[in-house]
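Trainee: Sharing query03.tsv, TSV, C-alpha atoms:
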```tsv
chain	number	residue	atom	x	y	z
A	1	MET	CA	51.95	30.46	1.81
A	2	GLY	CA	51.45	32.39	-1.40
A	3	PHE	CA	48.70	34.70	-2.51
A	4	PHE	CA	47.03	32.12	-4.71
A	5	SER	CA	46.88	29.46	-1.99
A	6	LYS	CA	45.28	31.97	0.42
A	7	TYR	CA	42.83	33.05	-2.28
A	8	TYR	CA	42.02	29.41	-3.12
A	9	LYS	CA	41.35	28.57	0.55
A	10	MET	CA	39.10	31.64	0.93
A	11	ALA	CA	37.19	30.75	-2.24
A	12	GLU	CA	36.84	27.13	-1.11
A	13	GLN	CA	35.55	28.25	2.30
A	14	ASP	CA	33.06	30.61	0.60
A	15	THR	CA	31.74	27.81	-1.62
A	16	ASN	CA	31.42	25.48	1.40
A	17	ASP	CA	29.48	28.17	3.28
A	18	LEU	CA	27.27	28.77	0.25
A	19	GLU	CA	26.60	25.03	-0.14
A	20	LYS	CA	25.67	24.80	3.56
A	21	LYS	CA	23.25	27.72	3.21
A	22	GLU	CA	21.68	26.18	0.11
A	23	LEU	CA	21.29	22.84	1.90
A	24	GLU	CA	19.70	24.52	4.92
A	25	ALA	CA	17.29	26.42	2.65
A	26	LEU	CA	16.43	23.21	0.79
A	27	VAL	CA	15.83	21.30	4.01
A	28	GLU	CA	13.73	24.09	5.56
A	29	LYS	CA	11.62	25.20	2.58
A	30	GLY	CA	11.36	22.06	0.49
A	31	VAL	CA	11.20	21.66	-3.28
A	32	ARG	CA	8.44	22.49	-5.76
A	33	TRP	CA	8.26	20.76	-9.11
A	34	LYS	CA	5.76	20.27	-11.91
A	35	CYS	CA	4.56	17.11	-13.60
A	36	LYS	CA	2.29	16.56	-16.61
A	37	LYS	CA	-1.37	15.90	-15.83
A	38	ALA	CA	-3.14	12.65	-16.63
A	39	SER	CA	-4.74	12.18	-20.06
A	40	ILE	CA	-8.29	13.54	-19.53
A	41	LEU	CA	-7.35	16.15	-16.92
A	42	ARG	CA	-4.81	17.92	-19.13
A	43	PHE	CA	-7.62	19.41	-21.23
A	44	ILE	CA	-9.13	21.09	-18.17
A	45	GLY	CA	-7.16	24.05	-16.84
A	46	ASP	CA	-3.38	23.80	-16.55
A	47	LYS	CA	-1.45	21.13	-18.41
A	48	GLU	CA	0.84	20.55	-15.45
A	49	ARG	CA	0.30	19.76	-11.78
A	50	GLU	CA	2.58	21.19	-9.10
A	51	PHE	CA	3.91	19.03	-6.28
A	52	THR	CA	5.89	20.00	-3.19
A	53	ILE	CA	8.43	17.92	-1.32
A	54	LYS	CA	8.55	19.37	2.19
A	55	PRO	CA	11.23	18.74	4.82
A	56	LEU	CA	11.53	15.07	5.74
A	57	SER	CA	11.00	13.63	9.20
A	58	LEU	CA	12.83	10.65	10.69
A	59	GLY	CA	9.89	8.35	9.91
A	60	LEU	CA	9.95	9.37	6.26
A	61	ILE	CA	13.71	8.90	6.10
A	62	PHE	CA	13.20	5.40	7.52
A	63	MET	CA	10.56	4.62	4.86
A	64	LEU	CA	12.79	6.05	2.12
A	65	SER	CA	15.76	3.98	3.25
A	66	SER	CA	13.76	0.77	2.77
A	67	GLU	CA	13.02	1.87	-0.81
A	68	PHE	CA	16.66	2.85	-1.41
A	69	LYS	CA	17.69	-0.69	-0.45
A	70	LYS	CA	15.56	-2.14	-3.25
A	71	ILE	CA	17.72	-0.44	-5.89
A	72	THR	CA	20.87	-2.53	-6.22
A	73	PHE	CA	23.40	-2.93	-8.99
A	74	ASP	CA	26.99	-4.00	-9.43
A	75	PRO	CA	29.21	-1.13	-10.66
A	76	ASN	CA	31.77	-3.61	-12.01
A	77	LYS	CA	29.17	-5.28	-14.25
A	78	LEU	CA	27.98	-1.84	-15.30
A	79	GLN	CA	31.49	-0.93	-16.44
A	80	GLU	CA	32.05	-4.25	-18.23
A	81	ASN	CA	28.78	-4.47	-20.11
A	82	TRP	CA	27.01	-1.16	-19.61
A	83	LEU	CA	24.29	-1.65	-22.23
A	84	SER	CA	22.82	-4.89	-20.89
A	85	GLU	CA	23.21	-3.80	-17.25
A	86	SER	CA	21.56	-0.45	-17.91
A	87	LYS	CA	18.64	-2.27	-19.55
A	88	LYS	CA	18.33	-4.51	-16.49
A	89	LEU	CA	18.33	-1.40	-14.27
A	90	MET	CA	15.68	0.23	-16.45
A	91	GLU	CA	13.54	-2.84	-15.87
A	92	THR	CA	13.93	-3.05	-12.07
A	93	ALA	CA	14.58	0.49	-10.80
A	94	PRO	CA	11.67	2.68	-12.00
A	95	MET	CA	9.07	1.51	-9.47
A	96	PRO	CA	11.30	1.95	-6.37
A	97	LEU	CA	12.32	5.37	-7.70
A	98	ALA	CA	8.67	6.34	-8.25
A	99	ARG	CA	7.88	5.11	-4.73
A	100	ILE	CA	10.70	7.26	-3.32
A	101	VAL	CA	9.19	10.33	-4.98
A	102	MET	CA	5.69	9.28	-3.86
A	103	ILE	CA	6.74	8.88	-0.21
A	104	SER	CA	8.44	12.28	-0.28
A	105	VAL	CA	5.34	13.96	-1.70
A	106	LEU	CA	2.58	12.25	0.33
A	107	ARG	CA	4.42	12.32	3.71
A	108	ASN	CA	1.65	10.57	5.68
A	109	LYS	CA	1.71	6.84	6.43
A	110	THR	CA	-2.07	6.45	6.08
A	111	THR	CA	-2.17	8.40	2.82
A	112	ILE	CA	0.75	6.37	1.52
A	113	ARG	CA	-1.02	3.14	2.43
A	114	PHE	CA	-4.29	4.10	0.66
A	115	PHE	CA	-3.06	6.13	-2.34
A	116	GLY	CA	0.60	5.11	-2.58
A	117	ASN	CA	0.37	2.62	-5.43
A	118	TRP	CA	-1.81	4.91	-7.53
A	119	VAL	CA	0.47	7.94	-7.01
A	120	ALA	CA	3.62	5.85	-7.62
A	121	ASN	CA	2.17	4.60	-10.92
A	122	TYR	CA	1.24	8.18	-11.81
A	123	PHE	CA	4.82	9.34	-11.18
A	124	MET	CA	6.26	6.33	-12.98
A	125	ASN	CA	4.34	7.25	-16.12
A	126	ARG	CA	4.78	11.04	-15.91
A	127	VAL	CA	8.23	11.84	-14.50
A	128	GLU	CA	11.01	12.21	-17.07
A	129	PRO	CA	14.55	10.88	-16.43
A	130	LYS	CA	16.13	14.36	-16.15
A	131	GLN	CA	13.42	15.41	-13.71
A	132	LEU	CA	13.91	12.17	-11.77
A	133	LEU	CA	17.63	12.90	-11.44
A	134	ASP	CA	16.91	16.37	-10.05
A	135	LEU	CA	14.34	14.95	-7.63
A	136	ALA	CA	16.67	12.16	-6.52
A	137	LEU	CA	19.44	14.67	-5.77
A	138	ALA	CA	17.03	16.93	-3.87
A	139	ILE	CA	15.55	14.05	-1.85
A	140	ASN	CA	19.01	12.72	-1.03
A	141	GLN	CA	20.09	16.17	0.18
A	142	MET	CA	16.87	16.57	2.16
A	143	CYS	CA	17.57	13.28	3.92
A	144	ASN	CA	20.79	15.00	5.01
A	145	PRO	CA	22.77	11.83	5.75
A	146	GLN	CA	25.83	13.78	6.93
A	147	ASP	CA	24.00	15.42	9.84
A	148	PHE	CA	22.07	12.23	10.57
A	149	ILE	CA	25.27	10.17	10.88
A	150	LEU	CA	26.96	12.94	12.83
A	151	SER	CA	24.11	12.97	15.36
A	152	ILE	CA	24.35	9.19	15.71
A	153	LYS	CA	28.11	9.45	16.29
A	154	TYR	CA	27.59	12.23	18.82
A	155	LEU	CA	24.94	10.28	20.71
A	156	SER	CA	27.02	7.10	20.77
A	157	VAL	CA	30.12	8.96	22.01
A	158	HIS	CA	28.04	10.90	24.51
A	159	ALA	CA	26.52	7.67	25.84
A	160	THR	CA	29.94	6.11	26.40
A	161	ILE	CA	31.33	9.20	28.15
A	162	ILE	CA	28.51	9.68	30.65
A	163	LYS	CA	28.46	7.07	33.41
A	164	PRO	CA	25.44	6.22	35.52
A	165	PRO	CA	25.27	8.18	38.81
A	166	HIS	CA	25.94	5.18	41.07
A	167	LEU	CA	29.22	4.49	39.24
A	168	VAL	CA	30.30	8.11	39.47
A	169	GLU	CA	29.82	8.20	43.27
A	170	ASN	CA	31.87	5.02	43.76
A	171	THR	CA	34.78	6.36	41.75
A	172	VAL	CA	34.75	9.63	43.72
A	173	GLN	CA	34.86	7.77	47.04
A	174	GLU	CA	37.70	5.54	45.82
A	175	ALA	CA	39.60	8.61	44.68
A	176	ASP	CA	39.18	10.25	48.12
A	177	GLU	CA	40.49	7.14	49.84
A	178	GLU	CA	43.54	7.08	47.59
A	179	VAL	CA	44.35	10.72	48.33
A	180	ILE	CA	44.16	10.15	52.09
A	181	LEU	CA	46.69	7.33	52.03
```
As structure tokens, please, write out the structure in this file.
Mentor:
Amino acid sequence: MGFFSKYYKMAEQDTNDLEKKELEALVEKGVRWKCKKASILRFIGDKEREFTIKPLSLGLIFMLSSEFKKITFDPNKLQENWLSESKKLMETAPMPLARIVMISVLRNKTTIRFFGNWVANYFMNRVEPKQLLDLALAINQMCNPQDFILSIKYLSVHATIIKPPHLVENTVQEADEEVIL
């Protein structure tokens, strides 16, 4: 193993550690972002309103997953005829994307039920595409699908390894009988 391969592995490990620390900080502290105020309110005080996306709970991740499912497209069609497919996506995707941001900001099922449509329309008319991309990446990282799937795998493996107590006692008695013979 040469010097460069060792250096490359060390640099790769450092970047992985740095990415993990950034993800942990993002999940723990949340994200703050600014959005333009509505028409009449922008003349009073600040021209922008600040929103915070705090760490997501399992219930919020469940609600977000139902919104993620509403955004569907065929990558093959997008490669073949990207202009018409992108126009179709621009027609169907903005409201689910605005609802994803709204759910992440409001965080309470009752608040979402009463004010969700109004806030989603507000975000749909105020959030710019570049800002939406940044928010989508942050929300996706805050959902932390890698750890979520890992915990599911761990729990499913753990459940298959551990046997109920009555089965464990029977196998121990059978093993003792076999040793005696």
Trainee: Could you tell me how far CA of Leu78 (chain A) sits from CA of Ala138 (chain A), in Å to one decimal place?
Mentor: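 So the answer is 24.6 Å.
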Trainee: Would you pick out the contacts of region 146-149 of chain A at 12 Å or less, using only C-alpha atoms, so that residues sharing its chain but fewer than 6 positions from it are not included, and give the list as a list in words?
Mentor: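 Result of the neighbour search: Lys20, Leu23, Glu24, Val27, Leu56, Ser57, Leu58, Ile61, Phe62, Asn140, Leu155 and Ser156 of chain A.
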Trainee: Kindly give the distance, in Å, that separates CA of Pro55 (chain A) and CA of Gly30 (chain A), rounded to a single decimal.
Mentor: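 Atom-to-atom, CA of Pro55 (chain A) and CA of Gly30 (chain A) are spaced 5.5 Å apart.
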Trainee: Interatomic distance between CA of Leu97 (chain A) and CA of Ser66 (chain A)?
Mentor: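 Taking CA of Leu97 (chain A) as the start and CA of Ser66 (chain A) as the end point, the length is 11.5 Å.
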Trainee: Let me make sure I understand: among A:Ser65, A:Thr72, A:Ser104, A:Thr111, which one has the smallest atom-to-atom distance to Phe123 (chain A) if we use only C-alpha atoms?
Mentor: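 Checking each of A:Ser65, A:Thr72, A:Ser104, A:Thr111 against Phe123 (chain A), counting only C-alpha atoms, the winner is A:Ser104.
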Trainee: Once you've located region 25-101 of chain A in the structure I gave, write it as a compact mmCIF listing (two decimals), in the first residue's frame, keeping C-alpha atoms.
Mentor:
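Resulting contents of out.txt:
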```
# COMPACT_ATOMS: atom_id res chain seq x y z
CA ALA A 25 -25.83 18.77 14.11
CA LEU A 26 -28.55 19.20 11.48
CA VAL A 27 -30.78 16.58 13.11
CA GLU A 28 -30.27 17.99 16.62
CA LYS A 29 -30.45 21.74 15.98
CA GLY A 30 -32.69 21.99 12.95
CA VAL A 31 -32.62 24.46 10.07
CA ARG A 32 -33.50 28.16 9.94
CA TRP A 33 -34.49 29.80 6.68
CA LYS A 34 -36.14 33.00 5.52
CA CYS A 35 -39.07 33.54 3.19
CA LYS A 36 -40.60 36.71 1.74
CA LYS A 37 -43.58 38.13 3.61
CA ALA A 38 -47.06 38.38 2.14
CA SER A 39 -48.03 41.47 0.13
CA ILE A 40 -49.41 43.83 2.81
CA LEU A 41 -47.18 42.60 5.64
CA ARG A 42 -43.92 43.30 3.81
CA PHE A 43 -44.39 47.05 4.31
CA ILE A 44 -44.51 46.60 8.09
CA GLY A 45 -41.17 45.75 9.71
CA ASP A 46 -38.92 43.16 8.09
CA LYS A 47 -39.41 42.12 4.48
CA GLU A 48 -38.71 38.49 5.31
CA ARG A 49 -40.12 36.01 7.80
CA GLU A 50 -37.89 33.42 9.47
CA PHE A 51 -38.99 29.80 9.80
CA THR A 52 -37.35 26.93 11.67
CA ILE A 53 -37.47 23.25 10.81
CA LYS A 54 -36.75 21.42 14.06
CA PRO A 55 -35.80 17.75 14.43
CA LEU A 56 -38.45 15.41 13.07
CA SER A 57 -40.30 12.79 15.09
CA LEU A 58 -41.51 9.42 13.80
CA GLY A 59 -45.05 10.76 13.36
CA LEU A 60 -43.79 13.62 11.21
CA ILE A 61 -41.66 11.25 9.15
CA PHE A 62 -44.78 9.13 8.61
CA MET A 63 -46.76 12.20 7.45
CA LEU A 64 -43.89 13.29 5.20
CA SER A 65 -43.63 9.85 3.61
CA SER A 66 -47.26 10.05 2.50
CA GLU A 67 -46.48 13.37 0.80
CA PHE A 68 -43.30 11.98 -0.77
CA LYS A 69 -45.38 9.22 -2.37
CA LYS A 70 -47.50 11.79 -4.20
CA ILE A 71 -44.49 12.98 -6.21
CA THR A 72 -43.94 10.40 -8.95
CA PHE A 73 -42.24 10.57 -12.31
CA ASP A 74 -40.62 8.24 -14.80
CA PRO A 75 -36.88 8.93 -15.21
CA ASN A 76 -36.88 7.24 -18.63
CA LYS A 77 -39.54 9.63 -19.95
CA LEU A 78 -37.64 12.51 -18.39
CA GLN A 79 -34.51 11.53 -20.34
CA GLU A 80 -36.39 11.00 -23.61
CA ASN A 81 -38.46 14.16 -23.62
CA TRP A 82 -37.22 16.29 -20.75
CA LEU A 83 -39.04 19.50 -21.68
CA SER A 84 -42.59 18.13 -21.72
CA GLU A 85 -41.97 15.89 -18.68
CA SER A 86 -40.48 18.75 -16.68
CA LYS A 87 -43.54 20.87 -17.51
CA LYS A 88 -45.80 18.05 -16.30
CA LEU A 89 -43.76 17.85 -13.08
CA MET A 90 -44.01 21.62 -12.63
CA GLU A 91 -47.77 21.23 -12.83
CA THR A 92 -48.15 18.35 -10.35
CA ALA A 93 -45.24 18.58 -7.89
CA PRO A 94 -45.36 22.08 -6.31
CA MET A 95 -48.25 21.46 -3.91
CA PRO A 96 -46.85 18.20 -2.43
CA LEU A 97 -43.47 19.92 -2.08
CA ALA A 98 -45.07 22.90 -0.34
CA ARG A 99 -46.95 20.50 1.94
CA ILE A 100 -43.67 18.74 2.81
CA VAL A 101 -42.17 22.07 3.87
```
